[in-house]
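J.: The structure follows.
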Amino acid sequence: MQEIESKQELHTKVDALIKELQSMPGALMPLLHAIQDNVGYVPESSYAQIAKALSLSVAEVHGVVTFYHHFRTHRPGRHVMQICRAESCQSMGSEALEAHAKTCLNIDYHQTTNDEAITLEPVYCLGNCALSPAVMMDDEVYGRVSAADLDALILEARSVEAKA
């Protein structure tokens, strides 16, 4: 994911992705994924651009983006922490883990810490059920995560930030 500096750069990047993907059947989902993978989120300012290119309404684009928990509408923090909320993880304590994370970070799901270091998101299966509860920090999945393990992940993310 690259850092987008201006609205014009954002528009240009989204336009390039549209041109690359708009002719494929069912292009909306692949396009939304490509935008989020490249920009870090799907900016609301791009909905009209996407809708026009795919002959959809802005409401349809908005509906898809907001329906799926995976898509973000705002720039995430430098690190993204996802806590699994699937049944296996819930049965092994993920609800207590999520409460601990929200308290430690002083944010709720879909929010970013004041220092912009960490965005907290729910995820509905990390495919790590045998090692529940599971957490993903950036692209790394962790299993059997305790409150102490979560604290260590947060500390590591913030210490990497301090060194940079």
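Identifiers for the structure tokens are assigned positionally: chains receive A, B, ... in sequence, residues are indexed from 1 per chain, and ligands are indexed from 1 in the order shown.
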Per residue of stretch 52-96 of chain A within 7 Å of stretch 115-135 of chain A, record the nearest atom pair and its distance in Å to one decimal, counting only C-alpha atoms, with rows in chain order and ascending residue number, as CSV.

T.:
residue,atom,partner,partner_atom,distance
A:Pro76,CA,A:Thr119,CA,5.8
A:Gly77,CA,A:Glu116,CA,4.7
A:Arg78,CA,A:Ala117,CA,5.0
A:His79,CA,A:Ile118,CA,4.8
A:Val80,CA,A:Thr119,CA,4.8
A:Met81,CA,A:Leu120,CA,5.0
A:Gln82,CA,A:Glu121,CA,4.7
A:Ile83,CA,A:Val135,CA,4.6
A:Cys84,CA,A:Val123,CA,4.8
A:Arg85,CA,A:Tyr124,CA,5.1
A:Ala86,CA,A:Tyr124,CA,4.9
A:Ser88,CA,A:Cys129,CA,5.8
A:Cys89,CA,A:Pro133,CA,4.3
A:Met92,CA,A:Pro133,CA,5.7
A:Gly93,CA,A:Pro133,CA,6.3
A:Ser94,CA,A:Pro133,CA,5.4

J.: Would you return as a list in words the members of chain A that DSSP assigns to strand (DSSP E) on this structure's backbone?

T.: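 Result set for chain A (strand (DSSP E)): His79, Val80, Met81, Gln82, Ile83, Cys84, Gln111, Thr112, Ile118, Thr119, Leu120, Glu121, Pro122, Val123, Val135, Met136, Met137, Glu140, Val141 and Tyr142 of chain A.
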
J.: Do you have the atom CA of A:Cys104-atom CA of A:Ile154 distance handy?

T.: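 So the two atoms, atom CA of A:Cys104 and atom CA of A:Ile154, lie 8.8 Å apart.
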
J.: Looking at only C-alpha atoms, which of A:Ala27, A:Leu150, A:Ile35, A:Val58 is the one that sits closest to A:Leu10?

T.: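 Distance minimum relative to A:Leu10 lands on A:Ile35.
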
J.: Find the spatial neighbours of A:His74, counting only C-alpha atoms, within a cut-off of 9 Å - ignore same-chain residues fewer than 2 positions away - and output them as a PDB file with C-alpha atoms, in the first residue's frame.

T.:
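Contents of the output file around.pdb:
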ATOM      1  CA  GLY A  40      -5.616   1.419   2.170  1.00  0.00           C
ATOM      2  CA  TYR A  41      -9.340   2.227   2.039  1.00  0.00           C
ATOM      3  CA  VAL A  42     -12.158   2.948  -0.412  1.00  0.00           C
ATOM      4  CA  PRO A  43     -12.644   6.708  -0.236  1.00  0.00           C
ATOM      5  CA  GLU A  44     -16.229   7.898  -0.343  1.00  0.00           C
ATOM      6  CA  ARG A  72     -12.773   0.777   5.081  1.00  0.00           C
ATOM      7  CA  PRO A  76      -6.408   3.249   8.538  1.00  0.00           C
TER       8      PRO A  76
END

J.: Calculated over only C-alpha atoms, which of the candidates A:Lys102, A:Lys52, A:Val64, A:Ala59 has the smallest distance to A:Leu32?

T.: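 Of the candidates, the smallest distance to A:Leu32 is held by A:Val64.
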
J.: Based on DSSP run over this structure's backbone, return all residues of stretch 28-151 of chain A in alpha helix (DSSP H), as JSON, numbers by chain.

T.: {"A": [28, 29, 30, 31, 32, 33, 34, 35, 36, 37, 38, 39, 47, 48, 49, 50, 51, 52, 53, 54, 58, 59, 60, 61, 62, 63, 64, 65, 66, 67, 87, 88, 89, 90, 91, 94, 95, 96, 97, 98, 99, 100, 101, 102, 103, 104, 105, 147, 148, 149, 150, 151]}

J.: Convert the current residue selection to file output with N, CA and C atoms, as a compact mmCIF listing (two decimals), in the first residue's frame.

T.:
# COMPACT_ATOMS: atom_id res chain seq x y z
N LEU A 28 -17.11 -4.88 -9.82
CA LEU A 28 -17.18 -4.04 -8.62
C LEU A 28 -16.35 -4.60 -7.46
N MET A 29 -16.55 -5.83 -7.09
CA MET A 29 -15.80 -6.38 -5.95
C MET A 29 -14.29 -6.41 -6.19
N PRO A 30 -13.83 -6.93 -7.33
CA PRO A 30 -12.38 -6.90 -7.57
C PRO A 30 -11.83 -5.47 -7.56
N LEU A 31 -12.60 -4.53 -8.07
CA LEU A 31 -12.15 -3.14 -8.09
C LEU A 31 -12.06 -2.58 -6.68
N LEU A 32 -13.07 -2.82 -5.87
CA LEU A 32 -13.04 -2.33 -4.48
C LEU A 32 -11.86 -2.93 -3.72
N HIS A 33 -11.62 -4.21 -3.92
CA HIS A 33 -10.46 -4.85 -3.27
C HIS A 33 -9.15 -4.23 -3.76
N ALA A 34 -9.05 -3.99 -5.05
CA ALA A 34 -7.83 -3.40 -5.60
C ALA A 34 -7.60 -2.00 -5.05
N ILE A 35 -8.67 -1.23 -4.94
CA ILE A 35 -8.53 0.12 -4.40
C ILE A 35 -8.06 0.06 -2.95
N GLN A 36 -8.72 -0.78 -2.15
CA GLN A 36 -8.31 -0.87 -0.75
C GLN A 36 -6.89 -1.41 -0.62
N ASP A 37 -6.52 -2.38 -1.43
CA ASP A 37 -5.16 -2.93 -1.36
C ASP A 37 -4.11 -1.88 -1.73
N ASN A 38 -4.44 -1.00 -2.66
CA ASN A 38 -3.49 -0.01 -3.15
C ASN A 38 -3.50 1.30 -2.37
N VAL A 39 -4.66 1.69 -1.89
CA VAL A 39 -4.81 2.99 -1.22
C VAL A 39 -4.93 2.83 0.30
N TYR A 47 -16.72 7.05 -4.98
CA TYR A 47 -17.93 6.29 -5.32
C TYR A 47 -18.52 6.72 -6.65
N ALA A 48 -18.60 8.01 -6.91
CA ALA A 48 -19.19 8.49 -8.17
C ALA A 48 -18.33 8.06 -9.35
N GLN A 49 -17.03 8.14 -9.19
CA GLN A 49 -16.08 7.73 -10.23
C GLN A 49 -16.26 6.24 -10.56
N ILE A 50 -16.38 5.42 -9.52
CA ILE A 50 -16.57 3.98 -9.69
C ILE A 50 -17.92 3.71 -10.33
N ALA A 51 -18.96 4.35 -9.81
CA ALA A 51 -20.33 4.13 -10.30
C ALA A 51 -20.43 4.47 -11.79
N LYS A 52 -19.89 5.58 -12.18
CA LYS A 52 -19.96 6.00 -13.59
C LYS A 52 -19.26 4.98 -14.49
N ALA A 53 -18.09 4.54 -14.08
CA ALA A 53 -17.30 3.61 -14.90
C ALA A 53 -17.98 2.25 -15.05
N LEU A 54 -18.73 1.84 -14.01
CA LEU A 54 -19.34 0.51 -14.03
C LEU A 54 -20.84 0.55 -14.34
N VAL A 58 -24.43 5.51 -7.47
CA VAL A 58 -23.56 5.77 -6.31
C VAL A 58 -24.08 4.99 -5.11
N ALA A 59 -25.41 4.89 -5.00
CA ALA A 59 -26.01 4.14 -3.88
C ALA A 59 -25.62 2.67 -3.92
N GLU A 60 -25.51 2.09 -5.11
CA GLU A 60 -25.10 0.69 -5.21
C GLU A 60 -23.66 0.51 -4.74
N VAL A 61 -22.78 1.40 -5.15
CA VAL A 61 -21.38 1.32 -4.72
C VAL A 61 -21.31 1.50 -3.20
N HIS A 62 -21.97 2.51 -2.69
CA HIS A 62 -22.00 2.76 -1.25
C HIS A 62 -22.54 1.54 -0.50
N GLY A 63 -23.61 0.94 -1.02
CA GLY A 63 -24.21 -0.22 -0.37
C GLY A 63 -23.26 -1.39 -0.26
N VAL A 64 -22.49 -1.64 -1.30
CA VAL A 64 -21.54 -2.75 -1.27
C VAL A 64 -20.40 -2.45 -0.30
N VAL A 65 -19.85 -1.25 -0.37
CA VAL A 65 -18.74 -0.89 0.52
C VAL A 65 -19.15 -0.99 1.98
N THR A 66 -20.34 -0.50 2.30
CA THR A 66 -20.76 -0.50 3.71
C THR A 66 -21.31 -1.85 4.17
N PHE A 67 -21.72 -2.70 3.24
CA PHE A 67 -22.23 -4.03 3.62
C PHE A 67 -21.12 -4.93 4.12
N GLU A 87 -17.49 -17.93 15.69
CA GLU A 87 -17.97 -18.74 16.81
C GLU A 87 -16.85 -19.43 17.59
N SER A 88 -15.90 -20.01 16.90
CA SER A 88 -14.82 -20.71 17.57
C SER A 88 -14.04 -19.76 18.48
N CYS A 89 -13.70 -18.60 17.95
CA CYS A 89 -12.94 -17.63 18.74
C CYS A 89 -13.78 -17.09 19.89
N GLN A 90 -15.07 -16.85 19.64
CA GLN A 90 -15.93 -16.38 20.72
C GLN A 90 -16.00 -17.40 21.85
N SER A 91 -16.07 -18.68 21.48
CA SER A 91 -16.15 -19.72 22.52
C SER A 91 -14.86 -19.84 23.32
N SER A 94 -12.73 -14.58 22.75
CA SER A 94 -12.42 -13.38 21.95
C SER A 94 -13.22 -12.16 22.40
N GLU A 95 -14.39 -12.36 23.00
CA GLU A 95 -15.16 -11.19 23.47
C GLU A 95 -14.41 -10.46 24.58
N ALA A 96 -13.82 -11.21 25.50
CA ALA A 96 -13.02 -10.57 26.55
C ALA A 96 -11.77 -9.92 25.96
N LEU A 97 -11.20 -10.56 24.95
CA LEU A 97 -10.02 -10.02 24.28
C LEU A 97 -10.37 -8.72 23.56
N GLU A 98 -11.52 -8.69 22.92
CA GLU A 98 -11.92 -7.46 22.22
C GLU A 98 -12.20 -6.34 23.23
N ALA A 99 -12.81 -6.66 24.34
CA ALA A 99 -13.06 -5.64 25.38
C ALA A 99 -11.73 -5.10 25.91
N HIS A 100 -10.76 -5.98 26.10
CA HIS A 100 -9.44 -5.58 26.57
C HIS A 100 -8.76 -4.66 25.54
N ALA A 101 -8.85 -5.03 24.27
CA ALA A 101 -8.24 -4.22 23.22
C ALA A 101 -8.87 -2.83 23.16
N LYS A 102 -10.19 -2.78 23.23
CA LYS A 102 -10.89 -1.49 23.17
C LYS A 102 -10.50 -0.60 24.34
N THR A 103 -10.34 -1.21 25.51
CA THR A 103 -9.94 -0.44 26.69
C THR A 103 -8.49 0.03 26.57
N CYS A 104 -7.59 -0.86 26.19
CA CYS A 104 -6.17 -0.51 26.08
C CYS A 104 -5.93 0.57 25.02
N LEU A 105 -6.62 0.45 23.90
CA LEU A 105 -6.42 1.38 22.79
C LEU A 105 -7.29 2.62 22.90
N ALA A 147 -4.72 -11.75 26.81
CA ALA A 147 -4.64 -10.29 27.01
C ALA A 147 -3.18 -9.84 27.04
N ALA A 148 -2.32 -10.62 27.66
CA ALA A 148 -0.89 -10.27 27.72
C ALA A 148 -0.26 -10.31 26.32
N ASP A 149 -0.66 -11.30 25.51
CA ASP A 149 -0.15 -11.37 24.14
C ASP A 149 -0.61 -10.15 23.34
N LEU A 150 -1.85 -9.76 23.55
CA LEU A 150 -2.40 -8.59 22.86
C LEU A 150 -1.63 -7.33 23.27
N ASP A 151 -1.36 -7.19 24.56
CA ASP A 151 -0.58 -6.06 25.04
C ASP A 151 0.80 -6.02 24.38

J.: Go through A:Val145, A:Tyr109, A:Arg158, A:Ser46 one by one, measure the shortest atom-to-atom distance of each to A:His69 using only C-alpha atoms, and give the residue with the smallest value.

T.: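 The answer is A:Tyr109, which sits nearest to A:His69.
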
J.: If I take atom CA of A:Asp139 and atom CA of A:Asn114, how far is one from the other in Å, to one decimal?

T.: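 A separation of 22.0 Å between them.
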
J.: One decimal, Å: what's the distance from atom CA of A:Gln8 over to atom CA of A:Ser45, could you say?

T.: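 Separation between atom CA of A:Gln8 and atom CA of A:Ser45: 11.2 Å.
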